[in-house]
Amino acid sequence: MPADLAVIGLGHLGLPLAQAATAAGLTTLGYDPDPQVAALPGSGGPLSATEVRRLLAAGFRTTADPAALGRVRTAVLCSPTPLGADRTLDLSALAEAARTLAARLRPHTTVILESAGYPGTTEKFLRPLLEAGSGLTAGRDFHLACSPTRHDPGNRTHRYRNTPKVIGGLTPACTEAAAAFYGRLTDKVVRARGPREAETANLLETNYRHINIALMNEMAVYCHEIGVDLWDVIRCAETKPFGFQSFRPGPGVGGHAAPIDPNHRTPRGSSPGSPLRLVELAQEINGRMPTYVIQRCTTLLNEHGKSARGARILLLGITYKPDLADLAGTPAAEVAARLSDLGAHLTYHDPYVPHWEIHGRPVPRADSLYEAAATADLTVLLQPHRTYDLQGLAVKAQLLLDTRGATPTGAAHRL
């Protein structure tokens with residue numbers, strides 16, 4: 001059967017789109033080249049097992065057979081584009097998805113890129129692959145557009161329907177074709193001048209978050225050094241009704257959306273623009289936070305006559321965001337690795353993560369949270385899940401370091 005939509009890539013981008021499209025009544029097909037991913041295990045991904053069951057019951061179909069892509073009206077590329085070891089975007093999965101789609105691309109199909117990329121990805125990277133593999137011309141034989149994702153996992157206020165969608169098409173007709181598609185999923189469509197403007201809007205949004213978190217992380221270190229309560233400073237500052245948006249410090253910055261400097265992220269390592277120096281500085285600052293957390297841990301232990309070597313340390317909340325099972329880029333991994341290297345005996349607790357490994361070795365999971373906090377030499381709160389009774393934990397813990405400012409004032413040592 002033909003489908004209204006093919007979602008290519010069933011990860012943190014693809015599944016929320018599939019969920020929104022299915023809810024809007026579109027016949028939706030999910031494709032992933034990995035048969036295990038296409039089977040939708042519903043564990044540790046953007047959707048819970050219950051949400052996956054509901055999605056399938058609503059008619060959503062998945063496949064690892066690329067032949068199904070030849071019978072769709074709209075195809076949205078949601079392949080992962082993670083940062084590699086050299087901090088350049090890895091576009092290999094996107095390239096493979098584009099080649100797979102191109103071999104089966106039909107005239108009049110609308111192709112949309114949601115995967116993160118640098119400005120120019122749609123026109124200079126994706127378009128040649130689609131045209132070479134299909135023999136069709138973008139903008140004439142098929143529509144091509146970019147609409148970067150704005151999905152915020154766990155956000156209960158801003159869902160797919162009430163989050164505006166930015167769209168930039170290769171031609172005005174491409175923009176309108178993509179707008180017609182997304183108009184069925186969201187209340188507001190914002191038309192960019194073209195794909196590069198849409199891609200750059202995503203770059204700005206992502207970098208804005210990282211730069212502001214970096215400022216707050218620097219403020220956290222500074223305020224601790226001069227004996228000022230940063231959390232009270234934030235409480236006061238956020239009462240200003242203009243010119244200030246509140247961000248929070250933490251042990252690092254996780255998530256799938258990494259900060260991007262196009263001059264260091266393009267495949268050839270070059271860009272026509274000037275370097276985004278603030279982005280690199282923000283990444284440097286945020287990257288130092290796990291080390292700073294370790295420093296605070298060792299200082300607290302020393303002040304109580306203990307050494308990090310041999311200390312029993314409990315890590316609470318190891319995901320990158322509260323109330324989610326997602327471990328993408330979580331700073332907890334580096335914190336745990338560094339503590340382990342210092343000789344600490346680690347345990348962890350997270351209601352969303354039943355098993356966790358560091359350096360290829362499993363970290364013991366605490367069965368009884370309060371008992372573990374009571375027996376640990378130091379408890380480190382890395383993510384304040386809603387299920388945690390932070391007041392009760394503060395009472396039970398021998399020594400508690402709160403890296404998120406979530407505990408009541410005076411109940412714990414704060415970052």
# chains A, B, ... in the order shown; residues from 1 in each chain; ligands from 1

$ residues_around --residues "Asn217 in chain A" --least-positions-apart "4" --cutoff "8 Å" --atoms "only C-alpha atoms" --output "list in words"
Ile213, Val221, Arg248, Pro249, Gly250, Ile285, Asn286 and Met289 of chain A

$ select_by_dssp --residues "range 126-319 of chain A" --states "helix (DSSP H, G or I)" --output "MDAnalysis selection string"
chainID A and resid 126:134 172:182 195:226 230:237 262:265 277:303

$ atom_distance --atom1 "CA of Pro172 in chain A" --atom2 "CA of Ala103 in chain A"
25.4 Å

$ closest_residue --among "A:Ala337, A:Val166, A:Val189, A:Val353" --to "Asp323 in chain A" --atoms "only C-alpha atoms"
A:Val353

$ select_by_dssp --residues "range 312-377 of chain A" --states "strand (DSSP E or B)" --output "list of chain:residue names"
A:Arg312, A:Ile313, A:Leu314, A:Leu315, A:Leu316, A:His345, A:Leu346, A:Thr347, A:Tyr348, A:His349, A:Glu357, A:Ile358, A:Arg361, A:Pro362, A:Arg365

$ write_last_selection --atoms "N, CA and C atoms" --output "PDB file, in the first residue's frame"
ATOM      1  N   ARG A 312      32.852   5.340  49.071  1.00  0.00           N
ATOM      2  CA  ARG A 312      31.611   4.813  48.486  1.00  0.00           C
ATOM      3  C   ARG A 312      30.795   6.008  47.996  1.00  0.00           C
ATOM      4  N   ILE A 313      30.625   6.088  46.675  1.00  0.00           N
ATOM      5  CA  ILE A 313      29.957   7.238  46.067  1.00  0.00           C
ATOM      6  C   ILE A 313      28.730   6.767  45.286  1.00  0.00           C
ATOM      7  N   LEU A 314      27.607   7.381  45.592  1.00  0.00           N
ATOM      8  CA  LEU A 314      26.343   7.064  44.927  1.00  0.00           C
ATOM      9  C   LEU A 314      26.009   8.188  43.952  1.00  0.00           C
ATOM     10  N   LEU A 315      25.773   7.841  42.680  1.00  0.00           N
ATOM     11  CA  LEU A 315      25.375   8.807  41.665  1.00  0.00           C
ATOM     12  C   LEU A 315      23.873   8.677  41.435  1.00  0.00           C
ATOM     13  N   LEU A 316      23.167   9.793  41.563  1.00  0.00           N
ATOM     14  CA  LEU A 316      21.711   9.800  41.405  1.00  0.00           C
ATOM     15  C   LEU A 316      21.320  10.494  40.106  1.00  0.00           C
ATOM     16  N   HIS A 345      34.497   3.620  44.906  1.00  0.00           N
ATOM     17  CA  HIS A 345      33.571   2.507  44.696  1.00  0.00           C
ATOM     18  C   HIS A 345      32.212   3.098  44.346  1.00  0.00           C
ATOM     19  N   LEU A 346      31.785   2.914  43.104  1.00  0.00           N
ATOM     20  CA  LEU A 346      30.588   3.584  42.612  1.00  0.00           C
ATOM     21  C   LEU A 346      29.366   2.685  42.645  1.00  0.00           C
ATOM     22  N   THR A 347      28.242   3.291  42.951  1.00  0.00           N
ATOM     23  CA  THR A 347      26.932   2.724  42.697  1.00  0.00           C
ATOM     24  C   THR A 347      26.093   3.843  42.077  1.00  0.00           C
ATOM     25  N   TYR A 348      25.005   3.472  41.457  1.00  0.00           N
ATOM     26  CA  TYR A 348      24.143   4.487  40.875  1.00  0.00           C
ATOM     27  C   TYR A 348      22.688   4.121  41.107  1.00  0.00           C
ATOM     28  N   HIS A 349      21.844   5.122  40.983  1.00  0.00           N
ATOM     29  CA  HIS A 349      20.409   4.873  40.989  1.00  0.00           C
ATOM     30  C   HIS A 349      19.757   5.767  39.956  1.00  0.00           C
ATOM     31  N   GLU A 357      26.975   0.835  32.130  1.00  0.00           N
ATOM     32  CA  GLU A 357      28.372   0.426  32.063  1.00  0.00           C
ATOM     33  C   GLU A 357      29.279   1.632  31.880  1.00  0.00           C
ATOM     34  N   ILE A 358      30.444   1.586  32.508  1.00  0.00           N
ATOM     35  CA  ILE A 358      31.487   2.592  32.346  1.00  0.00           C
ATOM     36  C   ILE A 358      32.798   1.857  32.105  1.00  0.00           C
ATOM     37  N   ARG A 361      32.648  -1.843  31.987  1.00  0.00           N
ATOM     38  CA  ARG A 361      32.342  -2.599  33.199  1.00  0.00           C
ATOM     39  C   ARG A 361      31.012  -2.116  33.780  1.00  0.00           C
ATOM     40  N   PRO A 362      30.166  -3.026  34.247  1.00  0.00           N
ATOM     41  CA  PRO A 362      28.878  -2.610  34.807  1.00  0.00           C
ATOM     42  C   PRO A 362      29.060  -1.849  36.114  1.00  0.00           C
ATOM     43  N   ARG A 365      23.870  -1.157  40.498  1.00  0.00           N
ATOM     44  CA  ARG A 365      22.675  -0.330  40.673  1.00  0.00           C
ATOM     45  C   ARG A 365      22.130  -0.526  42.087  1.00  0.00           C
TER      46      ARG A 365
END

$ closest_residue --among "A:His12, A:Arg99, A:Lys124, A:His413" --to "Val380 in chain A" --atoms "only C-alpha atoms"
A:His413

$ closest_atom_pairs --of "range 2-69 of chain A" --to "range 174-188 of chain A" --cutoff "12 Å" --atoms "only C-alpha atoms" --output "CSV"
residue,atom,partner,partner_atom,distance
A:Asp4,CA,A:Phe181,CA,9.4
A:Leu5,CA,A:Phe181,CA,9.2
A:Pro16,CA,A:Leu185,CA,11.3
A:Leu17,CA,A:Leu185,CA,8.8
A:Ala18,CA,A:Leu185,CA,10.3
A:Gln19,CA,A:Leu185,CA,10.0
A:Ala20,CA,A:Leu185,CA,6.3
A:Ala21,CA,A:Leu185,CA,6.2
A:Thr22,CA,A:Leu185,CA,9.3
A:Ala23,CA,A:Leu185,CA,8.4
A:Ala24,CA,A:Leu185,CA,6.1
A:Gly25,CA,A:Arg184,CA,8.9
A:Leu26,CA,A:Arg184,CA,8.7

$ write_last_selection --atoms "C-alpha atoms" --output "mmCIF file, in the first residue's frame"
data_model
loop_
_atom_site.group_PDB
_atom_site.id
_atom_site.type_symbol
_atom_site.label_atom_id
_atom_site.label_comp_id
_atom_site.auth_asym_id
_atom_site.auth_seq_id
_atom_site.Cartn_x
_atom_site.Cartn_y
_atom_site.Cartn_z
ATOM 1 C CA ASP A 4 1.448 9.407 3.010
ATOM 2 C CA LEU A 5 4.790 9.530 4.814
ATOM 3 C CA PRO A 16 8.335 11.707 17.561
ATOM 4 C CA LEU A 17 7.577 12.707 13.956
ATOM 5 C CA ALA A 18 5.954 9.346 13.289
ATOM 6 C CA GLN A 19 3.895 9.723 16.446
ATOM 7 C CA ALA A 20 2.664 13.186 15.404
ATOM 8 C CA ALA A 21 1.920 12.114 11.834
ATOM 9 C CA THR A 22 0.012 9.023 12.892
ATOM 10 C CA ALA A 23 -2.013 11.046 15.383
ATOM 11 C CA ALA A 24 -2.873 13.467 12.554
ATOM 12 C CA GLY A 25 -4.303 10.610 10.505
ATOM 13 C CA LEU A 26 -1.463 10.194 7.999
#

$ residues_around --residues "Pro35 in chain A" --least-positions-apart "5" --cutoff "12 Å" --atoms "only C-alpha atoms" --output "PDB file with N, CA, C and O atoms, in the first residue's frame"
ATOM      1  N   GLY A   9      14.747   6.627   9.479  1.00  0.00           N
ATOM      2  CA  GLY A   9      15.530   6.756  10.711  1.00  0.00           C
ATOM      3  C   GLY A   9      14.593   6.797  11.895  1.00  0.00           C
ATOM      4  O   GLY A   9      13.848   7.767  12.077  1.00  0.00           O
ATOM      5  N   LEU A  10      14.617   5.762  12.709  1.00  0.00           N
ATOM      6  CA  LEU A  10      13.651   5.637  13.802  1.00  0.00           C
ATOM      7  C   LEU A  10      14.313   5.859  15.158  1.00  0.00           C
ATOM      8  O   LEU A  10      14.155   5.076  16.088  1.00  0.00           O
ATOM      9  N   GLY A  30       7.614   3.675   8.838  1.00  0.00           N
ATOM     10  CA  GLY A  30       8.919   3.937   9.426  1.00  0.00           C
ATOM     11  C   GLY A  30       9.956   3.010   8.833  1.00  0.00           C
ATOM     12  O   GLY A  30       9.761   1.789   8.809  1.00  0.00           O
ATOM     13  N   LEU A  40      11.402  -1.770  16.776  1.00  0.00           N
ATOM     14  CA  LEU A  40      10.903  -0.886  17.836  1.00  0.00           C
ATOM     15  C   LEU A  40      10.821  -1.590  19.190  1.00  0.00           C
ATOM     16  O   LEU A  40       9.728  -1.860  19.705  1.00  0.00           O
ATOM     17  N   PRO A  41      11.968  -1.862  19.809  1.00  0.00           N
ATOM     18  CA  PRO A  41      11.922  -2.515  21.122  1.00  0.00           C
ATOM     19  C   PRO A  41      11.267  -1.658  22.193  1.00  0.00           C
ATOM     20  O   PRO A  41      10.798  -2.163  23.201  1.00  0.00           O
ATOM     21  N   THR A  62       6.472  -0.404  10.395  1.00  0.00           N
ATOM     22  CA  THR A  62       7.917  -0.259  10.298  1.00  0.00           C
ATOM     23  C   THR A  62       8.484  -1.336   9.393  1.00  0.00           C
ATOM     24  O   THR A  62       7.900  -2.412   9.221  1.00  0.00           O
ATOM     25  N   THR A  63       9.627  -1.026   8.813  1.00  0.00           N
ATOM     26  CA  THR A  63      10.263  -1.982   7.906  1.00  0.00           C
ATOM     27  C   THR A  63      11.750  -1.696   7.807  1.00  0.00           C
ATOM     28  O   THR A  63      12.199  -0.567   8.039  1.00  0.00           O
ATOM     29  N   ALA A  64      12.500  -2.733   7.473  1.00  0.00           N
ATOM     30  CA  ALA A  64      13.918  -2.586   7.138  1.00  0.00           C
ATOM     31  C   ALA A  64      14.128  -2.849   5.648  1.00  0.00           C
ATOM     32  O   ALA A  64      15.268  -2.924   5.182  1.00  0.00           O
ATOM     33  N   ASP A  65      13.019  -2.972   4.904  1.00  0.00           N
ATOM     34  CA  ASP A  65      13.070  -3.221   3.469  1.00  0.00           C
ATOM     35  C   ASP A  65      12.976  -1.898   2.716  1.00  0.00           C
ATOM     36  O   ASP A  65      11.930  -1.229   2.723  1.00  0.00           O
ATOM     37  N   PRO A  66      14.043  -1.465   2.044  1.00  0.00           N
ATOM     38  CA  PRO A  66      14.026  -0.171   1.363  1.00  0.00           C
ATOM     39  C   PRO A  66      13.049  -0.090   0.201  1.00  0.00           C
ATOM     40  O   PRO A  66      12.702   1.004  -0.247  1.00  0.00           O
TER      41      PRO A  66
END

$ closest_residue --among "A:Thr330, A:Arg404, A:Leu378, A:Arg73" --to "Phe247 in chain A" --atoms "only C-alpha atoms"
A:Arg404

$ residues_around --residues "Asp326 in chain A" --least-positions-apart "4" --cutoff "10 Å" --atoms "only C-alpha atoms" --output "PyMOL selection string"
chain A and resi 12+43-46+153+254-256+318-322+330+352-353

$ write_last_selection --atoms "N, CA, C and O atoms" --output "tab-separated table (two decimals), in the first residue's frame"
chain	number	residue	atom	x	y	z
A	12	HIS	N	15.78	9.34	17.83
A	12	HIS	CA	15.21	10.42	18.63
A	12	HIS	C	14.52	11.47	17.79
A	12	HIS	O	13.71	12.25	18.31
A	43	SER	N	12.62	0.59	24.25
A	43	SER	CA	13.39	0.68	25.49
A	43	SER	C	14.54	1.65	25.31
A	43	SER	O	15.39	1.48	24.44
A	44	GLY	N	14.57	2.68	26.14
A	44	GLY	CA	15.67	3.62	26.11
A	44	GLY	C	15.62	4.63	24.98
A	44	GLY	O	16.53	5.43	24.81
A	45	GLY	N	14.56	4.62	24.18
A	45	GLY	CA	14.44	5.56	23.08
A	45	GLY	C	13.57	6.74	23.45
A	45	GLY	O	13.23	6.96	24.62
A	46	PRO	N	13.17	7.53	22.44
A	46	PRO	CA	12.37	8.72	22.72
A	46	PRO	C	10.93	8.41	23.13
A	46	PRO	O	10.26	9.27	23.69
A	153	PRO	N	12.50	16.48	24.16
A	153	PRO	CA	12.05	15.29	24.91
A	153	PRO	C	11.60	15.63	26.33
A	153	PRO	O	12.27	16.37	27.04
A	254	GLY	N	24.35	17.54	28.04
A	254	GLY	CA	24.13	16.33	27.25
A	254	GLY	C	23.11	16.57	26.17
A	254	GLY	O	22.80	17.71	25.82
A	255	GLY	N	22.58	15.49	25.65
A	255	GLY	CA	21.56	15.60	24.62
A	255	GLY	C	22.11	15.31	23.24
A	255	GLY	O	23.30	15.09	23.04
A	256	HIS	N	21.20	15.30	22.27
A	256	HIS	CA	21.57	14.97	20.90
A	256	HIS	C	22.02	16.19	20.11
A	256	HIS	O	22.73	16.07	19.12
A	318	ILE	N	21.31	9.53	36.07
A	318	ILE	CA	22.46	9.49	35.16
A	318	ILE	C	22.08	9.83	33.72
A	318	ILE	O	22.93	9.82	32.84
A	319	THR	N	20.81	10.13	33.45
A	319	THR	CA	20.39	10.50	32.10
A	319	THR	C	20.74	11.96	31.83
A	319	THR	O	21.07	12.71	32.74
A	320	TYR	N	20.66	12.37	30.56
A	320	TYR	CA	21.06	13.74	30.23
A	320	TYR	C	19.98	14.74	30.56
A	320	TYR	O	20.24	15.94	30.64
A	321	LYS	N	18.75	14.26	30.77
A	321	LYS	CA	17.62	15.15	31.05
A	321	LYS	C	16.70	14.46	32.05
A	321	LYS	O	16.59	13.24	32.06
A	322	PRO	N	16.04	15.23	32.94
A	322	PRO	CA	15.19	14.59	33.93
A	322	PRO	C	13.98	13.89	33.32
A	322	PRO	O	13.44	14.32	32.30
A	330	THR	N	25.32	12.20	28.13
A	330	THR	CA	25.17	12.53	29.55
A	330	THR	C	26.52	12.77	30.22
A	330	THR	O	27.45	11.97	30.06
A	352	TYR	N	15.02	5.15	35.43
A	352	TYR	CA	14.83	4.93	34.00
A	352	TYR	C	15.92	4.08	33.36
A	352	TYR	O	15.83	3.74	32.18
A	353	VAL	N	16.97	3.76	34.12
A	353	VAL	CA	18.11	3.03	33.55
A	353	VAL	C	18.40	1.80	34.40
A	353	VAL	O	19.02	1.90	35.47

$ atom_distance --atom1 "CA of Gln245 in chain A" --atom2 "CA of Asn207 in chain A"
14.8 Å

$ closest_residue --among "A:Ala220, A:Pro195, A:Ala372, A:His355" --to "Val233 in chain A" --atoms "only C-alpha atoms"
A:Ala220

$ closest_residue --among "A:Thr299, A:Thr409, A:Asn202, A:Thr74" --to "Pro119 in chain A" --atoms "only C-alpha atoms"
A:Asn202

$ residues_around --residues "Arg106 in chain A" --least-positions-apart "4" --cutoff "10 Å" --atoms "only C-alpha atoms" --output "PyMOL selection string"
chain A and resi 69-73+101-102+110+134-136+141-142
